[in-house]
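Participant: Sharing coords_15.txt (compact mmCIF, N, CA and C atoms) below.
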# COMPACT_ATOMS: atom_id res chain seq x y z
N MET A 58 0.84 -1.17 0.00
CA MET A 58 0.00 0.00 0.00
C MET A 58 0.88 1.24 0.00
N ARG A 59 0.58 2.14 -0.88
CA ARG A 59 1.35 3.38 -0.99
C ARG A 59 0.64 4.48 -0.23
N VAL A 60 1.39 5.20 0.60
CA VAL A 60 0.83 6.30 1.37
C VAL A 60 1.26 7.60 0.72
N ARG A 61 0.33 8.45 0.43
CA ARG A 61 0.64 9.74 -0.19
C ARG A 61 0.56 10.83 0.88
N ILE A 62 1.62 11.60 1.00
CA ILE A 62 1.65 12.71 1.95
C ILE A 62 1.47 13.99 1.17
N ARG A 63 0.47 14.74 1.54
CA ARG A 63 0.18 15.99 0.85
C ARG A 63 0.82 17.15 1.60
N ARG A 64 1.60 17.93 0.90
CA ARG A 64 2.25 19.10 1.49
C ARG A 64 1.24 20.21 1.67
N LYS A 65 1.33 20.92 2.78
CA LYS A 65 0.46 22.07 3.00
C LYS A 65 0.82 23.18 2.03
N VAL A 66 -0.16 23.93 1.60
CA VAL A 66 0.04 24.98 0.61
C VAL A 66 1.01 26.05 1.10
N ASN A 67 0.90 26.48 2.34
CA ASN A 67 1.74 27.56 2.84
C ASN A 67 3.10 27.09 3.35
N GLU A 68 3.34 25.80 3.33
CA GLU A 68 4.60 25.25 3.82
C GLU A 68 5.61 25.19 2.68
N MET A 69 6.81 25.68 2.92
CA MET A 69 7.84 25.61 1.89
C MET A 69 8.99 24.74 2.37
N GLN A 70 9.48 23.91 1.49
CA GLN A 70 10.60 23.04 1.81
C GLN A 70 11.89 23.85 1.66
N ILE A 71 12.77 23.70 2.64
CA ILE A 71 14.04 24.42 2.62
C ILE A 71 15.17 23.47 3.00
N ARG A 72 16.38 23.95 2.81
CA ARG A 72 17.55 23.19 3.28
C ARG A 72 17.58 23.28 4.80
N GLU A 73 17.63 22.15 5.47
CA GLU A 73 17.63 22.12 6.93
C GLU A 73 18.90 22.75 7.48
N ARG A 74 18.75 23.60 8.49
CA ARG A 74 19.90 24.24 9.14
C ARG A 74 19.47 24.77 10.50
N THR A 75 20.44 25.18 11.31
CA THR A 75 20.11 25.70 12.63
C THR A 75 19.49 27.09 12.51
N ALA A 76 18.81 27.49 13.56
CA ALA A 76 18.21 28.83 13.58
C ALA A 76 19.28 29.90 13.43
N ALA A 77 20.40 29.73 14.12
CA ALA A 77 21.48 30.71 14.04
C ALA A 77 22.04 30.80 12.62
N ALA A 78 22.23 29.66 11.97
CA ALA A 78 22.74 29.64 10.60
C ALA A 78 21.73 30.28 9.64
N LEU A 79 20.47 30.01 9.85
CA LEU A 79 19.42 30.61 9.01
C LEU A 79 19.45 32.13 9.11
N ALA A 80 19.52 32.65 10.32
CA ALA A 80 19.55 34.10 10.52
C ALA A 80 20.76 34.72 9.84
N GLU A 81 21.91 34.07 9.97
CA GLU A 81 23.13 34.59 9.35
C GLU A 81 23.03 34.56 7.83
N GLU A 82 22.60 33.44 7.28
CA GLU A 82 22.53 33.29 5.82
C GLU A 82 21.53 34.25 5.17
N LEU A 83 20.42 34.53 5.87
CA LEU A 83 19.40 35.41 5.31
C LEU A 83 19.62 36.88 5.68
N GLY A 84 20.63 37.15 6.51
CA GLY A 84 20.92 38.52 6.92
C GLY A 84 19.85 39.09 7.83
N LEU A 85 19.31 38.25 8.72
CA LEU A 85 18.25 38.69 9.62
C LEU A 85 18.83 39.29 10.89
N LYS A 86 18.11 40.24 11.45
CA LYS A 86 18.48 40.82 12.74
C LYS A 86 18.05 39.84 13.82
N VAL A 87 18.95 39.52 14.73
CA VAL A 87 18.62 38.62 15.84
C VAL A 87 17.97 39.44 16.94
N VAL A 88 16.70 39.15 17.20
CA VAL A 88 15.97 39.81 18.28
C VAL A 88 16.11 38.99 19.55
N LEU A 89 15.97 37.66 19.41
CA LEU A 89 16.12 36.76 20.55
C LEU A 89 16.65 35.42 20.04
N ASN A 90 17.82 35.04 20.54
CA ASN A 90 18.44 33.76 20.19
C ASN A 90 18.22 32.80 21.35
N ALA A 91 16.98 32.39 21.57
CA ALA A 91 16.64 31.54 22.71
C ALA A 91 17.19 30.13 22.57
N ASP A 92 17.22 29.62 21.35
CA ASP A 92 17.69 28.25 21.08
C ASP A 92 18.38 28.25 19.72
N PRO A 93 19.59 28.80 19.64
CA PRO A 93 20.27 28.97 18.34
C PRO A 93 20.56 27.67 17.61
N GLU A 94 20.62 26.55 18.31
CA GLU A 94 20.91 25.26 17.67
C GLU A 94 19.64 24.53 17.22
N ARG A 95 18.48 25.13 17.42
CA ARG A 95 17.22 24.51 16.99
C ARG A 95 17.24 24.34 15.47
N MET A 96 16.93 23.14 15.01
CA MET A 96 16.93 22.86 13.57
C MET A 96 15.65 23.40 12.93
N ILE A 97 15.82 24.11 11.83
CA ILE A 97 14.72 24.65 11.05
C ILE A 97 14.61 23.76 9.81
N THR A 98 13.44 23.15 9.62
CA THR A 98 13.29 22.16 8.56
C THR A 98 12.42 22.61 7.40
N CYS A 99 11.63 23.66 7.61
CA CYS A 99 10.76 24.15 6.54
C CYS A 99 10.35 25.58 6.87
N GLY A 100 9.61 26.20 5.98
CA GLY A 100 9.12 27.55 6.20
C GLY A 100 7.61 27.59 6.16
N TYR A 101 7.05 28.62 6.78
CA TYR A 101 5.60 28.81 6.77
C TYR A 101 5.33 30.31 6.84
N ALA A 102 4.38 30.79 6.05
CA ALA A 102 4.03 32.21 6.07
C ALA A 102 2.55 32.35 6.37
N GLY A 103 2.22 33.25 7.29
CA GLY A 103 0.82 33.49 7.60
C GLY A 103 0.67 34.47 8.76
N ASP A 104 -0.45 35.20 8.76
CA ASP A 104 -0.70 36.19 9.80
C ASP A 104 -1.98 35.93 10.60
N LEU A 105 -2.85 35.09 10.10
CA LEU A 105 -4.08 34.78 10.82
C LEU A 105 -3.75 33.72 11.87
N LEU A 106 -3.69 34.12 13.13
CA LEU A 106 -3.15 33.27 14.17
C LEU A 106 -3.88 31.94 14.32
N SER A 107 -5.20 31.95 14.23
CA SER A 107 -5.94 30.70 14.36
C SER A 107 -5.62 29.75 13.21
N TRP A 108 -5.35 30.29 12.05
CA TRP A 108 -4.98 29.50 10.88
C TRP A 108 -3.58 28.90 11.08
N VAL A 109 -2.66 29.73 11.51
CA VAL A 109 -1.28 29.30 11.73
C VAL A 109 -1.22 28.23 12.82
N MET A 110 -2.00 28.40 13.87
CA MET A 110 -1.99 27.47 14.99
C MET A 110 -2.30 26.04 14.53
N GLY A 111 -3.19 25.90 13.59
CA GLY A 111 -3.56 24.57 13.12
C GLY A 111 -2.78 24.07 11.93
N ARG A 112 -1.95 24.91 11.33
CA ARG A 112 -1.30 24.50 10.08
C ARG A 112 0.21 24.64 10.04
N ALA A 113 0.79 25.46 10.87
CA ALA A 113 2.25 25.63 10.83
C ALA A 113 2.92 24.35 11.30
N PRO A 114 3.84 23.82 10.52
CA PRO A 114 4.53 22.58 10.92
C PRO A 114 5.56 22.83 12.02
N SER A 115 5.80 21.82 12.80
CA SER A 115 6.83 21.87 13.82
C SER A 115 8.18 22.14 13.17
N ASP A 116 9.02 22.89 13.87
CA ASP A 116 10.39 23.20 13.43
C ASP A 116 10.47 24.12 12.22
N CYS A 117 9.38 24.82 11.90
CA CYS A 117 9.40 25.72 10.75
C CYS A 117 9.93 27.10 11.13
N ALA A 118 10.33 27.84 10.10
CA ALA A 118 10.60 29.27 10.23
C ALA A 118 9.29 29.95 9.84
N TRP A 119 8.63 30.57 10.79
CA TRP A 119 7.33 31.21 10.56
C TRP A 119 7.56 32.67 10.21
N VAL A 120 7.17 33.06 9.01
CA VAL A 120 7.32 34.44 8.54
C VAL A 120 5.99 35.15 8.72
N THR A 121 6.00 36.27 9.43
CA THR A 121 4.77 37.00 9.76
C THR A 121 5.06 38.48 9.99
N VAL A 122 4.02 39.29 10.00
CA VAL A 122 4.13 40.69 10.40
C VAL A 122 3.48 40.91 11.76
N MET A 123 2.87 39.87 12.30
CA MET A 123 2.24 39.96 13.62
C MET A 123 3.31 39.88 14.69
N SER A 124 3.18 40.70 15.75
CA SER A 124 4.28 40.74 16.72
C SER A 124 3.83 40.91 18.17
N ASN A 125 2.62 40.50 18.49
CA ASN A 125 2.18 40.65 19.88
C ASN A 125 2.37 39.36 20.66
N VAL A 126 1.97 39.37 21.92
CA VAL A 126 2.18 38.22 22.79
C VAL A 126 1.42 36.98 22.30
N ASN A 127 0.32 37.16 21.59
CA ASN A 127 -0.43 36.02 21.07
C ASN A 127 0.38 35.24 20.03
N VAL A 128 1.25 35.91 19.31
CA VAL A 128 2.12 35.25 18.33
C VAL A 128 3.04 34.27 19.04
N ILE A 129 3.53 34.64 20.19
CA ILE A 129 4.41 33.77 20.96
C ILE A 129 3.64 32.54 21.43
N ALA A 130 2.41 32.72 21.88
CA ALA A 130 1.59 31.59 22.31
C ALA A 130 1.36 30.62 21.16
N VAL A 131 1.03 31.14 19.99
CA VAL A 131 0.80 30.30 18.81
C VAL A 131 2.09 29.59 18.41
N ALA A 132 3.20 30.30 18.42
CA ALA A 132 4.49 29.70 18.07
C ALA A 132 4.83 28.55 19.02
N SER A 133 4.54 28.74 20.29
CA SER A 133 4.80 27.70 21.28
C SER A 133 3.89 26.50 21.06
N LEU A 134 2.62 26.74 20.84
CA LEU A 134 1.66 25.65 20.60
C LEU A 134 2.00 24.85 19.34
N ALA A 135 2.40 25.56 18.29
CA ALA A 135 2.73 24.92 17.01
C ALA A 135 4.15 24.36 17.00
N ASP A 136 4.93 24.69 18.01
CA ASP A 136 6.32 24.23 18.13
C ASP A 136 7.18 24.67 16.94
N VAL A 137 7.01 25.94 16.54
CA VAL A 137 7.82 26.46 15.43
C VAL A 137 9.27 26.64 15.88
N GLY A 138 10.18 26.58 14.94
CA GLY A 138 11.60 26.71 15.25
C GLY A 138 12.04 28.15 15.46
N CYS A 139 11.39 29.07 14.74
CA CYS A 139 11.69 30.49 14.90
C CYS A 139 10.59 31.32 14.27
N ILE A 140 10.51 32.54 14.71
CA ILE A 140 9.61 33.53 14.11
C ILE A 140 10.48 34.53 13.38
N ILE A 141 10.11 34.82 12.13
CA ILE A 141 10.78 35.88 11.37
C ILE A 141 9.78 37.01 11.19
N LEU A 142 10.03 38.13 11.86
CA LEU A 142 9.18 39.31 11.72
C LEU A 142 9.60 40.07 10.48
N ALA A 143 8.70 40.18 9.53
CA ALA A 143 9.01 40.83 8.25
C ALA A 143 8.46 42.26 8.21
N GLU A 144 8.87 42.99 7.18
CA GLU A 144 8.36 44.33 6.87
C GLU A 144 8.55 45.34 8.00
N GLY A 145 9.62 45.15 8.77
CA GLY A 145 9.94 46.10 9.83
C GLY A 145 9.09 45.96 11.08
N ALA A 146 8.32 44.89 11.20
CA ALA A 146 7.51 44.68 12.40
C ALA A 146 8.42 44.56 13.62
N GLU A 147 8.00 45.17 14.70
CA GLU A 147 8.79 45.14 15.93
C GLU A 147 7.98 44.50 17.04
N ILE A 148 8.65 43.72 17.86
CA ILE A 148 7.98 43.01 18.94
C ILE A 148 7.98 43.86 20.20
N ASP A 149 6.88 43.81 20.94
CA ASP A 149 6.82 44.58 22.19
C ASP A 149 7.49 43.82 23.32
N GLU A 150 7.76 44.52 24.41
CA GLU A 150 8.52 43.95 25.52
C GLU A 150 7.80 42.76 26.17
N GLU A 151 6.48 42.83 26.29
CA GLU A 151 5.72 41.73 26.88
C GLU A 151 5.89 40.45 26.06
N ALA A 152 5.79 40.58 24.75
CA ALA A 152 5.95 39.42 23.87
C ALA A 152 7.38 38.90 23.91
N LEU A 153 8.35 39.79 23.98
CA LEU A 153 9.75 39.39 24.04
C LEU A 153 10.03 38.59 25.32
N GLU A 154 9.49 39.04 26.43
CA GLU A 154 9.68 38.32 27.70
C GLU A 154 9.04 36.94 27.65
N LYS A 155 7.85 36.85 27.04
CA LYS A 155 7.17 35.56 26.90
C LYS A 155 7.99 34.63 26.01
N ALA A 156 8.54 35.15 24.92
CA ALA A 156 9.36 34.35 24.01
C ALA A 156 10.60 33.84 24.73
N ARG A 157 11.19 34.68 25.55
CA ARG A 157 12.37 34.29 26.32
C ARG A 157 12.00 33.15 27.28
N ALA A 158 10.84 33.26 27.91
CA ALA A 158 10.40 32.26 28.88
C ALA A 158 10.11 30.90 28.25
N VAL A 159 9.58 30.91 27.03
CA VAL A 159 9.23 29.63 26.37
C VAL A 159 10.27 29.16 25.36
N GLY A 160 11.31 29.97 25.13
CA GLY A 160 12.42 29.55 24.27
C GLY A 160 12.16 29.64 22.78
N ILE A 161 11.53 30.71 22.33
CA ILE A 161 11.25 30.90 20.91
C ILE A 161 12.29 31.85 20.31
N ASN A 162 12.95 31.42 19.25
CA ASN A 162 13.88 32.29 18.51
C ASN A 162 13.09 33.33 17.74
N ILE A 163 13.54 34.58 17.74
CA ILE A 163 12.88 35.64 16.99
C ILE A 163 13.92 36.41 16.19
N PHE A 164 13.65 36.53 14.89
CA PHE A 164 14.50 37.30 13.99
C PHE A 164 13.64 38.35 13.31
N ALA A 165 14.27 39.37 12.75
CA ALA A 165 13.52 40.45 12.12
C ALA A 165 14.22 40.93 10.86
N THR A 166 13.42 41.53 9.98
CA THR A 166 13.94 42.09 8.74
C THR A 166 12.97 43.16 8.23
N SER A 167 13.47 44.06 7.43
CA SER A 167 12.62 45.07 6.81
C SER A 167 12.04 44.57 5.48
N LEU A 168 12.51 43.42 5.03
CA LEU A 168 12.03 42.87 3.76
C LEU A 168 10.54 42.51 3.81
N PRO A 169 9.85 42.60 2.67
CA PRO A 169 8.46 42.13 2.61
C PRO A 169 8.40 40.61 2.81
N VAL A 170 7.25 40.13 3.26
CA VAL A 170 7.05 38.70 3.50
C VAL A 170 7.44 37.87 2.28
N PHE A 171 7.00 38.30 1.09
CA PHE A 171 7.30 37.55 -0.13
C PHE A 171 8.80 37.40 -0.33
N ASP A 172 9.54 38.47 -0.14
CA ASP A 172 10.99 38.43 -0.34
C ASP A 172 11.68 37.53 0.68
N VAL A 173 11.21 37.55 1.92
CA VAL A 173 11.78 36.68 2.95
C VAL A 173 11.54 35.21 2.56
N CYS A 174 10.35 34.91 2.11
CA CYS A 174 10.02 33.55 1.69
C CYS A 174 10.87 33.11 0.51
N ALA A 175 11.08 34.02 -0.44
CA ALA A 175 11.91 33.70 -1.60
C ALA A 175 13.33 33.39 -1.18
N LYS A 176 13.88 34.19 -0.26
CA LYS A 176 15.24 33.95 0.22
C LYS A 176 15.31 32.65 1.01
N LEU A 177 14.29 32.38 1.78
CA LEU A 177 14.22 31.17 2.59
C LEU A 177 14.19 29.92 1.70
N ALA A 178 13.49 30.00 0.61
CA ALA A 178 13.32 28.86 -0.30
C ALA A 178 14.56 28.59 -1.15
N ASN A 179 15.43 29.58 -1.31
CA ASN A 179 16.64 29.39 -2.15
C ASN A 179 17.83 28.94 -1.38
Re-express the file's structure as structure tokens.
Facilitator:
Amino acid sequence: MRVRIRRKVNEMQIRERTAAALAEELGLKVVLNADPERMITCGYAGDLLSWVMGRAPSDCAWVTVMSNVNVIAVASLADVGCIILAEGAEIDEEALEKARAVGINIFATSLPVFDVCAKLAN
């Protein structure tokens, strides 16, 4: 019997690497290096938190413009490898403290979401 695995539409396959290596290779600003050796295995882009919570794969680099404390909760529940804040989004202190407490890597860039995804995929 052959099992077919369907890839999620918003999930992109990437070369596996550590969170620290990903940030360096993509030229991302390190906001929080909570677990720099965490392996990033794929990418995911989305801003609707309820959607991301049910669809973001574990160990992904989640690209978003959302930056409040709820993003950290969703990232923790989905077990994402890192959050990449795109388009100059900045995280508030409450969210940063929560990310530090739960061990979520956070990176930032001024690039648009599309451009971050393109760089991530190459």
Participant: Determine, counting only N, CA and C atoms, which protein, DNA and RNA residues have an atom within 7 Å of an atom of A:Thr121; residues of the same chain fewer than 4 positions away are not included. Present the result as number ranges by chain.
Facilitator: A: 101-104, 140-144, 170
Participant: Report the distance between atom CA of A:Thr166 and atom CA of A:Lys86 in Å, rounded to one decimal place.
Facilitator: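 Atom CA of A:Lys86 lies 6.2 Å from atom CA of A:Thr166.
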Participant: Using only N, CA and C atoms, pick whichever of A:Ala152, A:Ala113, A:Ala77, A:Ala146 has the shortest atom-to-atom distance to A:Ala165.
Facilitator: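 Smallest separation from A:Ala165 among the options: A:Ala146.
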Participant: Per DSSP on the backbone, filter chain A down to the residues in strand (DSSP E or B) and report them as number ranges by chain.
Facilitator: A: 68-75, 86-89, 96-102, 117-121, 139-142, 162-165
Participant: Pick out the residues sitting within 5 Å of A:Val137, and hand them over as number ranges by chain; count all atoms listed in the file, and ignore anything fewer than 3 positions along from it in its own chain.
Facilitator: A: 115-117, 132
Participant: Write out as a PyMOL selection string all residues of chain A that backbone DSSP assigns to alpha helix (DSSP H).
Facilitator: chain A and resi 76-83+106-112+126-135+150-159+170-178
Participant: Only N, CA and C atoms, please: the residues just picked out, written as a tab-separated table (two decimals), keeping the file's coordinate frame.
Facilitator:
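Generated file (again10.tsv):
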chain	number	residue	atom	x	y	z
A	76	ALA	N	18.81	27.49	13.56
A	76	ALA	CA	18.21	28.83	13.58
A	76	ALA	C	19.28	29.90	13.43
A	77	ALA	N	20.40	29.73	14.12
A	77	ALA	CA	21.48	30.71	14.04
A	77	ALA	C	22.04	30.80	12.62
A	78	ALA	N	22.23	29.66	11.97
A	78	ALA	CA	22.74	29.64	10.60
A	78	ALA	C	21.73	30.28	9.64
A	79	LEU	N	20.47	30.01	9.85
A	79	LEU	CA	19.42	30.61	9.01
A	79	LEU	C	19.45	32.13	9.11
A	80	ALA	N	19.52	32.65	10.32
A	80	ALA	CA	19.55	34.10	10.52
A	80	ALA	C	20.76	34.72	9.84
A	81	GLU	N	21.91	34.07	9.97
A	81	GLU	CA	23.13	34.59	9.35
A	81	GLU	C	23.03	34.56	7.83
A	82	GLU	N	22.60	33.44	7.28
A	82	GLU	CA	22.53	33.29	5.82
A	82	GLU	C	21.53	34.25	5.17
A	83	LEU	N	20.42	34.53	5.87
A	83	LEU	CA	19.40	35.41	5.31
A	83	LEU	C	19.62	36.88	5.68
A	106	LEU	N	-3.69	34.12	13.13
A	106	LEU	CA	-3.15	33.27	14.17
A	106	LEU	C	-3.88	31.94	14.32
A	107	SER	N	-5.20	31.95	14.23
A	107	SER	CA	-5.94	30.70	14.36
A	107	SER	C	-5.62	29.75	13.21
A	108	TRP	N	-5.35	30.29	12.05
A	108	TRP	CA	-4.98	29.50	10.88
A	108	TRP	C	-3.58	28.90	11.08
A	109	VAL	N	-2.66	29.73	11.51
A	109	VAL	CA	-1.28	29.30	11.73
A	109	VAL	C	-1.22	28.23	12.82
A	110	MET	N	-2.00	28.40	13.87
A	110	MET	CA	-1.99	27.47	14.99
A	110	MET	C	-2.30	26.04	14.53
A	111	GLY	N	-3.19	25.90	13.59
A	111	GLY	CA	-3.56	24.57	13.12
A	111	GLY	C	-2.78	24.07	11.93
A	112	ARG	N	-1.95	24.91	11.33
A	112	ARG	CA	-1.30	24.50	10.08
A	112	ARG	C	0.21	24.64	10.04
A	126	VAL	N	1.97	39.37	21.92
A	126	VAL	CA	2.18	38.22	22.79
A	126	VAL	C	1.42	36.98	22.30
A	127	ASN	N	0.32	37.16	21.59
A	127	ASN	CA	-0.43	36.02	21.07
A	127	ASN	C	0.38	35.24	20.03
A	128	VAL	N	1.25	35.91	19.31
A	128	VAL	CA	2.12	35.25	18.33
A	128	VAL	C	3.04	34.27	19.04
A	129	ILE	N	3.53	34.64	20.19
A	129	ILE	CA	4.41	33.77	20.96
A	129	ILE	C	3.64	32.54	21.43
A	130	ALA	N	2.41	32.72	21.88
A	130	ALA	CA	1.59	31.59	22.31
A	130	ALA	C	1.36	30.62	21.16
A	131	VAL	N	1.03	31.14	19.99
A	131	VAL	CA	0.80	30.30	18.81
A	131	VAL	C	2.09	29.59	18.41
A	132	ALA	N	3.20	30.30	18.42
A	132	ALA	CA	4.49	29.70	18.07
A	132	ALA	C	4.83	28.55	19.02
A	133	SER	N	4.54	28.74	20.29
A	133	SER	CA	4.80	27.70	21.28
A	133	SER	C	3.89	26.50	21.06
A	134	LEU	N	2.62	26.74	20.84
A	134	LEU	CA	1.66	25.65	20.60
A	134	LEU	C	2.00	24.85	19.34
A	135	ALA	N	2.40	25.56	18.29
A	135	ALA	CA	2.73	24.92	17.01
A	135	ALA	C	4.15	24.36	17.00
A	150	GLU	N	7.76	44.52	24.41
A	150	GLU	CA	8.52	43.95	25.52
A	150	GLU	C	7.80	42.76	26.17
A	151	GLU	N	6.48	42.83	26.29
A	151	GLU	CA	5.72	41.73	26.88
A	151	GLU	C	5.89	40.45	26.06
A	152	ALA	N	5.79	40.58	24.75
A	152	ALA	CA	5.95	39.42	23.87
A	152	ALA	C	7.38	38.90	23.91
A	153	LEU	N	8.35	39.79	23.98
A	153	LEU	CA	9.75	39.39	24.04
A	153	LEU	C	10.03	38.59	25.32
A	154	GLU	N	9.49	39.04	26.43
A	154	GLU	CA	9.68	38.32	27.70
A	154	GLU	C	9.04	36.94	27.65
A	155	LYS	N	7.85	36.85	27.04
A	155	LYS	CA	7.17	35.56	26.90
A	155	LYS	C	7.99	34.63	26.01
A	156	ALA	N	8.54	35.15	24.92
A	156	ALA	CA	9.36	34.35	24.01
A	156	ALA	C	10.60	33.84	24.73
A	157	ARG	N	11.19	34.68	25.55
A	157	ARG	CA	12.37	34.29	26.32
A	157	ARG	C	12.00	33.15	27.28
A	158	ALA	N	10.84	33.26	27.91
A	158	ALA	CA	10.40	32.26	28.88
A	158	ALA	C	10.11	30.90	28.25
A	159	VAL	N	9.58	30.91	27.03
A	159	VAL	CA	9.23	29.63	26.37
A	159	VAL	C	10.27	29.16	25.36
A	170	VAL	N	7.25	40.13	3.26
A	170	VAL	CA	7.05	38.70	3.50
A	170	VAL	C	7.44	37.87	2.28
A	171	PHE	N	7.00	38.30	1.09
A	171	PHE	CA	7.30	37.55	-0.13
A	171	PHE	C	8.80	37.40	-0.33
A	172	ASP	N	9.54	38.47	-0.14
A	172	ASP	CA	10.99	38.43	-0.34
A	172	ASP	C	11.68	37.53	0.68
A	173	VAL	N	11.21	37.55	1.92
A	173	VAL	CA	11.78	36.68	2.95
A	173	VAL	C	11.54	35.21	2.56
A	174	CYS	N	10.35	34.91	2.11
A	174	CYS	CA	10.02	33.55	1.69
A	174	CYS	C	10.87	33.11	0.51
A	175	ALA	N	11.08	34.02	-0.44
A	175	ALA	CA	11.91	33.70	-1.60
A	175	ALA	C	13.33	33.39	-1.18
A	176	LYS	N	13.88	34.19	-0.26
A	176	LYS	CA	15.24	33.95	0.22
A	176	LYS	C	15.31	32.65	1.01
A	177	LEU	N	14.29	32.38	1.78
A	177	LEU	CA	14.22	31.17	2.59
A	177	LEU	C	14.19	29.92	1.70
A	178	ALA	N	13.49	30.00	0.61
A	178	ALA	CA	13.32	28.86	-0.30
A	178	ALA	C	14.56	28.59	-1.15
Participant: Please determine, counting only C-alpha atoms, which residue among A:Ala156, A:Leu106, A:Ala178, A:Met123 has the shortest atom-to-atom distance to A:Leu79.
Facilitator: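 Looking at the shortest contact to A:Leu79, the residue is A:Ala178.
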Participant: With distances taken over all atoms listed in the file, which of A:Ala135, A:Cys174, A:Ala76, A:Val87 is nearest to A:Arg112?
Facilitator: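 With all atoms listed in the file as the atom set, the closest residue is A:Ala135.
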